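**Q** Just dropping this structure here.
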Amino acid sequence: MILKHGAPDLMFKAGVKDNRCFRCGNREKDLFYTYYSSYDETDITYCLHCIALGRSDSLNPLYGYETVRQRDNIDYALDFELNDVQQAASTRLLDAIKNNHNLLLYAVTGAGKTEITFEGIKYARNSGLNVAFVSPRIDVVKEVYLRLADAFKGVRIDLMYSGVKSVFSHMFTVCTVHQLFNCIDHYDVIIIDEVDAFPLPEEPLLMETVKRAAAEDASIILMTATPTAEMKLLAGKDNVVTIARRYHGYDLALPKVIWQNSSKYIKKKRIPPKLTELLDNIIKAGRKVLVFFPDITMMKTAAEILKKKYSRLESVYSGDAGRYEKVQLMRDGELDILLTTTILERGVTFLYLDVIVIDAHRFDSASLIQICGRVGRKPKDPTGNISLITDFNTSGIRGTLAAISQFNKGRTAL
């Protein structure tokens with residue numbers, strides 16, 4: 001079913017009852033709030049977990065629509081052919097959908113994971129199965145939607161994330177995970193891209209939301225470059241597909257570790273000398289660069305200093321209202337340098353890009369692997385430079401170097 005305010009069918013007499021939210025499935029007592037309503041002359045309890053989508057409470061009913069399934073007649077076009085490894089992964093994914101089981105696609109960043117799903121999506125929609133392609137990150141959702149819309153030309157695809165609701169039928173949907181709060185036993189295929197991205201690992205209820213949105217015989221396809229034991233358990237030990245090389249066949253760029261206490265300079269409103277050297281060389285080579293910072297405060301301070309020397313520079317973070325416009329400026333070649341938090345560690349692709357990480361010792365391995373994955377994603381520019389500026393070595397840095405080396409040898413750590 002699909003829950004929707006103003007829909008004609010009564011689905012639940014109340015959204016909340018006995019410490020259970022019937023919209024999102026929340027049962028955690030700490031995520032409910034109760035107050036006395038003098039107007040209604042009764043206590044009212046509402047769910048805090050899904051409040052961003054409107055209130056689900058103990059007084060008001062939930063309305064919606066029963067699930068509808070309808071065969072489509074769709075096809076897709078790619079401007080390249082899948083290589084043998086990609087094709088094998090596509091076949092495994094298609095088999096998972098046909099046989100109603102889950103699958104973990106463990107693939108290096110830039111392996112073409114999205115395109116590997118196309119044949120499975122085509123089969124599902126032409127068989128009348130409802131499909132959702134979801135991600136925790138809005139940036140990834142927007143990127144995936146554009147790639148799907150470009151490949152499946154003329155096909156109606158729903159797009160849903162905070163502030164945007166472009167919905168046709170809830171049969172082929174691209175959305176953030178939170179948008180699944182309103183879906184119960186509805187989707188027959190749920191593909192989760194960047195399944196390890198914040199906030200999914202930190203909020204177990206979100207994965208329960210995914211399972212609740214899935215139909216009884218649904219296939220859940222997990223896609224990531226940094227899988228966890230929980231993901232492997234959900235997929236099943238025999239349902240893991242690994243891709244250790246990018247589709248263009250080149251090795252992943254191996255980071256270079258540079259020793260310097262960057263925060264000492266930035267606190268004194270000075271540019272770290274090794275950062276200046278790196279930026280000058282990158283600009284001289286006609287390339288662009290993403291500079292990652294561990295926190296917003298450090299990034300803003302650095303931006304203030306760096307803008308005095310570099311005019312084609314901007315900074316972005318999750319709460320930046322101009323974030324998407326600045327990313328587009330980078331794509332259009334209007335910027336040389338884009339300072340960022342981990343908000344851009346996934347879901348963005350730029351040509352001729354290098355990467356610098358400030359205070360790399362404050363990042364974990366999963367985050368560093370994703371950040372390194374921004375470099376060398378296109379056949380036109382299959383290599384690049386990654387610099388990890390750090391005070392000292394950490395298990396995260398060592399783990400990143402080891403994982404990338406293993407990928408380049410055609411092996412994975414799973």
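A note on labels: chains of the structure tokens are A, B, ... as shown, every chain counts residues from 1, and ligands are counted from 1 in their shown order.
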Report as JSON lines: every residue of region 124-212 of chain A with an atom at most 10 Å from region 32-55 of chain A, its closest pair of atoms, and their distance in Å to one decimal, counting only C-alpha atoms, with rows sorted by chain and ascending residue number.
**A**
```
{"residue": "A:Ser162", "atom": "CA", "partner": "A:Ala52", "partner_atom": "CA", "distance": 8.7}
{"residue": "A:His178", "atom": "CA", "partner": "A:Cys50", "partner_atom": "CA", "distance": 8.0}
{"residue": "A:Gln179", "atom": "CA", "partner": "A:Leu53", "partner_atom": "CA", "distance": 8.1}
{"residue": "A:Phe181", "atom": "CA", "partner": "A:Cys50", "partner_atom": "CA", "distance": 7.1}
{"residue": "A:Asn182", "atom": "CA", "partner": "A:Leu53", "partner_atom": "CA", "distance": 8.7}
{"residue": "A:Leu205", "atom": "CA", "partner": "A:His49", "partner_atom": "CA", "distance": 8.8}
{"residue": "A:Leu206", "atom": "CA", "partner": "A:His49", "partner_atom": "CA", "distance": 9.7}
```
**Q** Excluding region 221-237 of chain A and any residue of its chain fewer than 6 positions from it, enumerate the residues within 8 Å of it, using only C-alpha atoms, and give them as a count of residues only.
**A** 23
**Q** Which distance in Å separates CA of Glu277 (chain A) and CA of Ile404 (chain A), to one decimal?
**A**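 For CA of Glu277 (chain A) relative to CA of Ile404 (chain A), the distance reads 25.3 Å.
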**Q** Residues within 9 Å of Thr341 (chain A), please, as a list in words. Count only C-alpha atoms; anything in the same chain fewer than 3 positions from it doesn't count.
**A** Val291, Phe292, Phe293, Pro294, Asp295, Ile296, Met299, Ser315, Val316, Tyr317, Ser318, Leu344 and Glu345 of chain A
**Q** Where in region 203-320 of chain A does DSSP assign helix (DSSP H, G or I), given as a ChimeraX atom specification?
**A** /A:204-213,229-235,262-267,273-284,296-306
**Q** Let me make sure I understand: among A:Tyr145, A:Ser219, A:Thr390, A:Val174, which one has the smallest atom-to-atom distance to Gly120 (chain A) if we use only C-alpha atoms?
**A** A:Ser219
**Q** For CA of Tyr310 (chain A) and CA of Val289 (chain A), quote the distance in Å rounded to one decimal.
**A**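 Taking CA of Tyr310 (chain A) as the start and CA of Val289 (chain A) as the end point, the length is 12.3 Å.
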**Q** Nearest to Ser387 (chain A): which of A:Gln86, A:Ser365, A:Thr301, A:Gln260 is it, counting only C-alpha atoms?
**A** A:Gln260
**Q** What lies within 8 Å of Ala213 (chain A) using only C-alpha atoms, ignoring chain neighbours under 5 positions off, as a ChimeraX atom specification?
**A** /A:180-181,183-187
**Q** Keeping only N, CA and C atoms, take the residues you just selected and write them out as a CSV table (one decimal), in the first residue's frame.
**A**
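Final output, selection09.csv:
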```
chain,number,residue,atom,x,y,z
A,180,LEU,N,10.5,6.0,1.7
A,180,LEU,CA,9.8,4.7,1.8
A,180,LEU,C,8.9,4.6,3.0
A,181,PHE,N,9.0,5.6,3.9
A,181,PHE,CA,8.1,5.5,5.1
A,181,PHE,C,6.6,5.3,4.7
A,183,CYS,N,5.4,3.6,2.3
A,183,CYS,CA,5.2,2.4,1.4
A,183,CYS,C,5.3,1.2,2.3
A,184,ILE,N,4.3,0.3,2.1
A,184,ILE,CA,4.2,-0.9,2.9
A,184,ILE,C,3.9,-2.1,2.0
A,185,ASP,N,4.7,-3.1,1.9
A,185,ASP,CA,4.6,-4.3,1.1
A,185,ASP,C,4.3,-3.9,-0.4
A,186,HIS,N,5.0,-2.9,-0.9
A,186,HIS,CA,4.7,-2.3,-2.2
A,186,HIS,C,5.7,-2.7,-3.3
A,187,TYR,N,7.0,-2.6,-3.0
A,187,TYR,CA,8.0,-2.7,-4.1
A,187,TYR,C,8.5,-4.2,-4.1
```
**Q** Near His361 (chain A), counting only C-alpha atoms, which residues have an atom at most 10 Å away, once you skip same-chain residues fewer than 3 positions from it, shown as a count of residues only?
**A** 16
**Q** Hey, which of A:Val177, A:Leu306, A:Leu351, A:Cys372 ends up closest to Asp332 (chain A)? Count only C-alpha atoms.
**A**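 Nearest to Asp332 (chain A): A:Leu351.
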